[in-house]
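**Q** Just dropping this structure here.
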Amino acid sequence: MALIKTEKLTLSYENMTVIENLNFEVKSGDYLCIVGENGSGKSTLVKALLGLKKPVGGSIEFGDGLIQKEIGYLPQQTSAQRDFPASVSEVVISGCLNSRGIRPFYSVKERKTAAENIERLGLTELKNRSYRELSGGQQQRVLLARALCATKKLLLLDEPVTGLDPMVTAEMYGLIEKINKSGVTVIMVTHDMASALRYASHILCLTENKDDGFFGTAAEFLESNASNFLKGGAANGQDTE
Amino acid sequence: MGKILSEMFSAPILVRALIVGILVSLCAALLGVSLVLKRYSMIGDGLSHVGFGALAIAAVMNLAPMAVAIPVVILAAFLLLRLSSNSKIKGDSAIALISTGALAIGVMAVSMSHGVNIDLNSYLFGSIVSVSGGDVVISVILACAVLLMFVFFYTKIFAITFDESFAKATGINVNLYNMLIALLTAVTIVIGMRLMGSMLISSLIIFPALSSMRVFKSFKSVTICSAVVSVVTFVIGMIISYAADTPCGASIVCVNIAAFAGFFIAGAVVSRSK
Ligand SMILES: Nc1ncnc2c1ncn2[C@@H]1O[C@H](COP(=O)(O)OP(=O)(O)OP(=O)(O)O)[C@@H](O)[C@H]1O
Ligand SMILES: [Mg+2]
C-alpha cells in the first residue's frame, strides 16, 4: 500500500479549477519533487494533502499508518511575522502538538524529541536565541526542525530553499537528503529543476494545460514530453541572444 | 504612602475598583500578547467603541448595561475576527467603519435622551464609581476563565499565534481558539471599559505586550512580563489617581507610557551591550 494515493483529485477556488483529475502515489521512502510554473497549483496541492483545503472531486488516501495531522509541514510563507518574540526551542517544540490532547505542559518525551531534532539540524548553539534574530537560512532550519517534530513518516516542504544563498541551499538539500535516507518520505515543491532531478526519486509536474502534466520517476521525466518546457526555455533563451 | 493605601482600602468603592481592575489588567495583558502579535490590536479598539454604543443605548432605554453590552460586543468580536481573517486591507477599514459607526450611534442616543441623566464623560474616560458588585463577580469568573485557558492551552495558543497554517496542519482547531480569544477579549473590554473608559481600555491590551516585547525575546517571558507589568502599572496608576485626584483611566495609561519608555530604553541598552 502506498503512503499517499490520490485518485482523480480535483481542487478549485470558488469557480476556478486549479488541479483536475490528478493521479499519483507516493511510497514509503520516496523523494517526490513537485515542479511547475507559478500559479500551477503546487501550494494548493500541498494544502489539500494537509487537509487545509477540501477537494471538490476525487480522493486522497493515506496508507502505511500515516495520519494526516502527522505530516511534517514546512510552509512556503510562514504566517509567522519576522519580529515575533519566540526562542528557537519554543518554535521547534511547537511541532510536537499534534500528538497531544489537553495537557498544560510538554511531556519529557516531547522535550526529548525537540532536543533531538535541534541537534540533528545543528541548531544546538542557537537554541536559546530569539527566532527573530536569526538569518533567513537559520530560520528555515528551525522550521524544518519543527516539521520533523511533527512527523516520523512524511515531510512536506513547500519551496524550502527560496531566498537562501547557494551555500545554504546546498546545505539544506544535504539535510533533506540525509533525512530522506533515514527513512522519512519527502515531498518537496521546488523551482530548482537541476536539484529536483539530482535528488528526487519521483517527479510530479503540474502545468497550466491539465493534460500536459507528468508523474513518474526522475529518469522517466527526462525522456518525457513534460521536460520539454525546460529545453524549450533554453532554446528561446538562445533565440533572443 | 501608607496612609494613602489604608485610606484606599477602607473605601468599598475603591476596593471594588481595585479588584476588578487588577483582574481585568491581568486578562487584558495575557490576551493582549496574542492579539498584538497577530496584528489584531485594532480589534480591541473597535470593540471598545462598540461597547460604548451598546452602553449608551442600554442607558437610554433603561436596560441593564452589562446585559446589553456583553452580548453585543461578543457578536461584534466574532464579526471583526471574521472580517480581518478574510482579507487584511478590507478588514482594517471595516474595523474603522464599525467602531466610528458605533461611537456615533452612542453619541446620538445620549444626546437625544433629554430626560435621562447620562454622564458621557464617565462612559468615554471611565470612572471608579460605575464599577458595581456585579462587575466584581463577572471579572472574577472572567479572570478564572482566562487563566485556565492560558495554563491548559498555552502551547496551542503559542502555535496558533506563531503560525496559524502550521497549527492547522497539526490538527489544532484554530477557529475554535480564535473565537475563544475573541470572546474573552470582548468580555474583558466590556468590564474594563467601566473603569478605564471606552477611549482608553484598549491601552490595557496593547501597552503591556509592547513594553515586554522591547526587552524579552521568548514567548513565555513576554507573556509573564506583560501580566506583571499590566498589574503593577494598574496599581500605581490607581494610587496616583487617588493621591493626585486625577481620572483613573488616564493615570493608568500615563504610567503605562512611562513603563513603555523604560522598557524601550532598557531594550536599547541590552541590545547595544551585546
Ligand atoms: N486563497 C486563494 N483564493 C483564490 N485563489 C487562490 C488562492 N490561493 C491561490 N489561488 C490561485 O490558485 C492558483 C494556484 O495557486 P498556488 O498557490 O497553488 O500556486 P503555486 O503553484 O504554489 O505557485 P508558486 O510557484 O507561485 O508558489 C493561482 O492561480 C492562484 O491565483
Ligand atoms: Mg506555492
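How things are named: the first chain in the C-alpha cells is A, the next is B, and so on; residues count from 1 in each chain; ligands count from 1 in the order shown.
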Residues at most 8 Å from ligand 2, using only C-alpha atoms and all ligand atoms? Could they come as a VMD selection string?

**A** chain A and resid 38 to 39 41 to 44 76 158 to 159 189

**Q** Okay, now the selection with N, CA and C atoms, as a PDB file, in the first residue's frame?

**A**
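Contents of part.pdb, freshly written:
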```pdb
ATOM      1  N   ASN A  38       4.722  29.179 -11.732  1.00  0.00           N
ATOM      2  CA  ASN A  38       3.993  29.912 -10.698  1.00  0.00           C
ATOM      3  C   ASN A  38       2.504  29.820 -10.979  1.00  0.00           C
ATOM      4  N   GLY A  39       1.756  29.544  -9.960  1.00  0.00           N
ATOM      5  CA  GLY A  39       0.307  29.526 -10.122  1.00  0.00           C
ATOM      6  C   GLY A  39      -0.240  28.233 -10.694  1.00  0.00           C
ATOM      7  N   GLY A  41      -0.575  25.542  -9.107  1.00  0.00           N
ATOM      8  CA  GLY A  41      -1.352  24.820  -8.101  1.00  0.00           C
ATOM      9  C   GLY A  41      -0.538  23.953  -7.153  1.00  0.00           C
ATOM     10  N   LYS A  42       0.768  24.178  -7.075  1.00  0.00           N
ATOM     11  CA  LYS A  42       1.611  23.347  -6.204  1.00  0.00           C
ATOM     12  C   LYS A  42       1.245  23.537  -4.728  1.00  0.00           C
ATOM     13  N   SER A  43       1.181  24.800  -4.318  1.00  0.00           N
ATOM     14  CA  SER A  43       0.859  25.040  -2.908  1.00  0.00           C
ATOM     15  C   SER A  43      -0.561  24.590  -2.582  1.00  0.00           C
ATOM     16  N   THR A  44      -1.442  24.725  -3.550  1.00  0.00           N
ATOM     17  CA  THR A  44      -2.817  24.272  -3.355  1.00  0.00           C
ATOM     18  C   THR A  44      -2.857  22.762  -3.121  1.00  0.00           C
ATOM     19  N   GLN A  76       5.347  27.483   2.547  1.00  0.00           N
ATOM     20  CA  GLN A  76       6.065  28.325   1.583  1.00  0.00           C
ATOM     21  C   GLN A  76       6.348  29.693   2.204  1.00  0.00           C
ATOM     22  N   ASP A 158       7.310  23.087   1.174  1.00  0.00           N
ATOM     23  CA  ASP A 158       6.884  23.965   0.084  1.00  0.00           C
ATOM     24  C   ASP A 158       7.978  25.004  -0.169  1.00  0.00           C
ATOM     25  N   GLU A 159       8.725  24.812  -1.229  1.00  0.00           N
ATOM     26  CA  GLU A 159       9.841  25.696  -1.600  1.00  0.00           C
ATOM     27  C   GLU A 159      10.746  26.024  -0.418  1.00  0.00           C
ATOM     28  N   VAL A 189       8.111  20.820  -2.903  1.00  0.00           N
ATOM     29  CA  VAL A 189       7.785  21.700  -4.017  1.00  0.00           C
ATOM     30  C   VAL A 189       9.025  22.520  -4.310  1.00  0.00           C
TER      31      VAL A 189
END
```

**Q** Show me a table, sorted first by chain and then by increasing residue number, of the residues of chain B having an atom at most 8 Å from chain A, each with its shortest atom pair and the distance in Å to one decimal, counting only C-alpha atoms and written as a Markdown table.

**A**
```
| residue | atom | partner | partner_atom | distance |
| --- | --- | --- | --- | --- |
| B:Leu37 | CA | A:Phe84 | CA | 6.9 |
| B:Val151 | CA | A:Pro104 | CA | 5.7 |
| B:Phe152 | CA | A:Pro104 | CA | 4.1 |
| B:Phe153 | CA | A:Pro104 | CA | 6.2 |
| B:Tyr154 | CA | A:Pro104 | CA | 6.7 |
| B:Thr155 | CA | A:Ser94 | CA | 7.0 |
| B:Lys156 | CA | A:Leu97 | CA | 7.3 |
| B:Phe158 | CA | A:Ser94 | CA | 7.7 |
| B:Ala159 | CA | A:Ser94 | CA | 6.0 |
| B:Thr161 | CA | A:Ala80 | CA | 7.8 |
| B:Phe162 | CA | A:Ala80 | CA | 5.1 |
| B:Asp163 | CA | A:Ala80 | CA | 4.8 |
| B:Glu164 | CA | A:Ser79 | CA | 6.5 |
| B:Ser165 | CA | A:Ser79 | CA | 7.0 |
| B:Phe166 | CA | A:Tyr73 | CA | 6.8 |
| B:Lys168 | CA | A:Leu52 | CA | 7.1 |
| B:Ala169 | CA | A:Leu50 | CA | 5.7 |
| B:Thr170 | CA | A:Lys69 | CA | 4.7 |
| B:Gly171 | CA | A:Lys69 | CA | 5.3 |
| B:Ile172 | CA | A:Asn98 | CA | 7.4 |
| B:Met213 | CA | A:Pro85 | CA | 6.8 |
| B:Phe216 | CA | A:Pro85 | CA | 7.3 |
| B:Lys217 | CA | A:Pro85 | CA | 4.8 |
| B:Ser218 | CA | A:Ala86 | CA | 4.0 |
| B:Phe219 | CA | A:Ala86 | CA | 4.8 |
| B:Lys220 | CA | A:Ala86 | CA | 7.9 |
| B:Val222 | CA | A:Pro85 | CA | 7.5 |
```

**Q** Per DSSP on the backbone, what are the alpha helix (DSSP H) residues of stretch 10-239 of chain A, as a short mmCIF file (atom, residue, chain, number, x, y, z; two decimals) with C-alpha atoms, in the first residue's frame?

**A**
```
data_model
loop_
_atom_site.label_atom_id
_atom_site.label_comp_id
_atom_site.auth_asym_id
_atom_site.auth_seq_id
_atom_site.Cartn_x
_atom_site.Cartn_y
_atom_site.Cartn_z
CA LYS A 42 1.61 23.35 -6.20
CA SER A 43 0.86 25.04 -2.91
CA THR A 44 -2.82 24.27 -3.35
CA LEU A 45 -1.98 20.59 -3.74
CA VAL A 46 0.17 20.72 -0.62
CA LYS A 47 -2.70 22.27 1.33
CA ALA A 48 -5.03 19.54 0.12
CA LEU A 49 -2.59 16.86 1.28
CA LEU A 50 -2.53 18.53 4.70
CA VAL A 88 14.28 28.63 18.86
CA SER A 89 13.38 25.84 21.27
CA GLU A 90 9.84 27.21 21.71
CA VAL A 91 9.35 27.17 17.94
CA VAL A 92 10.80 23.69 17.44
CA ILE A 93 8.81 22.03 20.22
CA VAL A 108 9.50 14.66 28.84
CA LYS A 109 9.22 12.67 25.63
CA GLU A 110 8.22 15.73 23.62
CA ARG A 111 11.11 17.70 25.06
CA LYS A 112 13.42 14.88 24.07
CA THR A 113 12.07 14.79 20.51
CA ALA A 114 12.59 18.53 20.21
CA ALA A 115 16.13 18.31 21.62
CA GLU A 116 17.00 15.53 19.16
CA ASN A 117 15.77 17.50 16.19
CA ILE A 118 17.55 20.63 17.33
CA GLU A 119 20.73 18.60 17.44
CA ARG A 120 20.00 16.85 14.13
CA GLY A 136 16.66 33.53 6.77
CA GLY A 137 18.62 30.30 6.37
CA GLN A 138 18.75 29.68 10.11
CA GLN A 139 15.04 30.39 10.42
CA GLN A 140 14.35 27.88 7.67
CA ARG A 141 16.36 25.25 9.54
CA VAL A 142 14.37 25.97 12.70
CA LEU A 143 11.12 25.48 10.79
CA LEU A 144 12.49 22.24 9.33
CA ALA A 145 13.29 21.02 12.85
CA ARG A 146 9.74 21.92 13.86
CA ALA A 147 8.37 19.94 10.91
CA LEU A 148 10.50 16.95 11.94
CA CYS A 149 8.98 17.09 15.43
CA ALA A 150 5.57 16.63 13.88
CA PRO A 166 23.84 28.85 -2.83
CA MET A 167 25.92 27.62 0.11
CA VAL A 168 22.98 27.44 2.48
CA THR A 169 20.81 25.97 -0.26
CA ALA A 170 23.31 23.15 -0.78
CA GLU A 171 23.41 22.60 2.98
CA MET A 172 19.61 22.47 3.12
CA TYR A 173 19.47 19.91 0.29
CA GLY A 174 22.10 17.89 2.12
CA LEU A 175 20.00 17.90 5.29
CA ILE A 176 16.86 16.92 3.44
CA GLU A 177 18.68 14.10 1.66
CA LYS A 178 20.01 12.83 4.98
CA ILE A 179 16.52 12.93 6.48
CA ASN A 180 15.17 11.02 3.48
CA LYS A 181 17.92 8.38 3.79
CA MET A 193 14.86 21.82 -11.64
CA ALA A 194 18.50 20.76 -11.52
CA SER A 195 18.33 19.83 -7.86
CA ALA A 196 14.96 18.19 -8.30
CA LEU A 197 16.46 15.89 -10.93
CA ARG A 198 19.52 15.28 -8.84
CA TYR A 199 17.84 14.31 -5.56
CA ALA A 218 13.01 11.18 -12.36
CA ALA A 219 14.56 9.15 -15.17
CA GLU A 220 11.23 8.82 -16.96
CA PHE A 221 10.68 12.53 -16.60
CA LEU A 222 13.82 13.41 -18.58
CA GLU A 223 12.64 11.33 -21.52
CA ASN A 228 10.30 19.83 -22.95
CA PHE A 229 9.46 23.11 -21.35
CA LEU A 230 12.94 23.09 -19.85
CA LYS A 231 14.55 22.58 -23.23
CA GLY A 232 12.05 24.94 -24.81
CA GLY A 233 13.01 27.59 -22.30
CA ALA A 234 16.68 27.18 -23.13
CA ALA A 235 16.03 27.33 -26.88
CA ASN A 236 14.02 30.53 -26.51
CA GLY A 237 16.82 32.00 -24.48
CA GLN A 238 19.25 31.36 -27.34
CA ASP A 239 16.91 32.86 -29.90
#
```

**Q** Could you name the residues that touch stretch 227-230 of chain B at 6 Å or less, counting only C-alpha atoms, but leaving out those on the same chain fewer than 6 positions away, as a ChimeraX atom specification?

**A** /B:25-26,29,208

**Q** Using only C-alpha atoms and all ligand atoms, find the one residue out of A:Val26, A:Leu11, A:Leu156, A:Ile203 that sits nearest to ligand 1.

**A**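 Answer, going by the shortest atom-to-atom distance: A:Leu11.
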
**Q** Distance atom CA of B:Ser122-atom CA of B:Gly249, one decimal place?

**A** 9.9 Å

**Q** For B:Asn121, please output as a list in words all residues within 12 Å (counting only C-alpha atoms; exclusion window: fewer than 6 positions along the same chain).

**A** Phe52, Ala56, Val107, Val110, Ser127, Ser130, Arg194, Leu195, Met196, Gly197, Ser198, Met199, Pro247 and Gly249 of chain B

**Q** Name the closest residue to ligand 1 among the candidates A:Thr17, A:Ser107, A:Thr217, A:Ser182; distances are taken between atoms, counting only C-alpha atoms and all ligand atoms.

**A**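 Answer, going by the shortest atom-to-atom distance: A:Thr17.
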
**Q** For a test of reading the model, state the distance in Å between atom CA of B:Met149 and atom CA of B:Leu14, rounded to one decimal.

**A** 28.6 Å

**Q** Considering only C-alpha atoms and all ligand atoms, state which residue in the set A:Glu125, A:Glu7, A:Glu37, A:Asp30 is at the smallest distance from ligand 1.

**A** A:Glu37
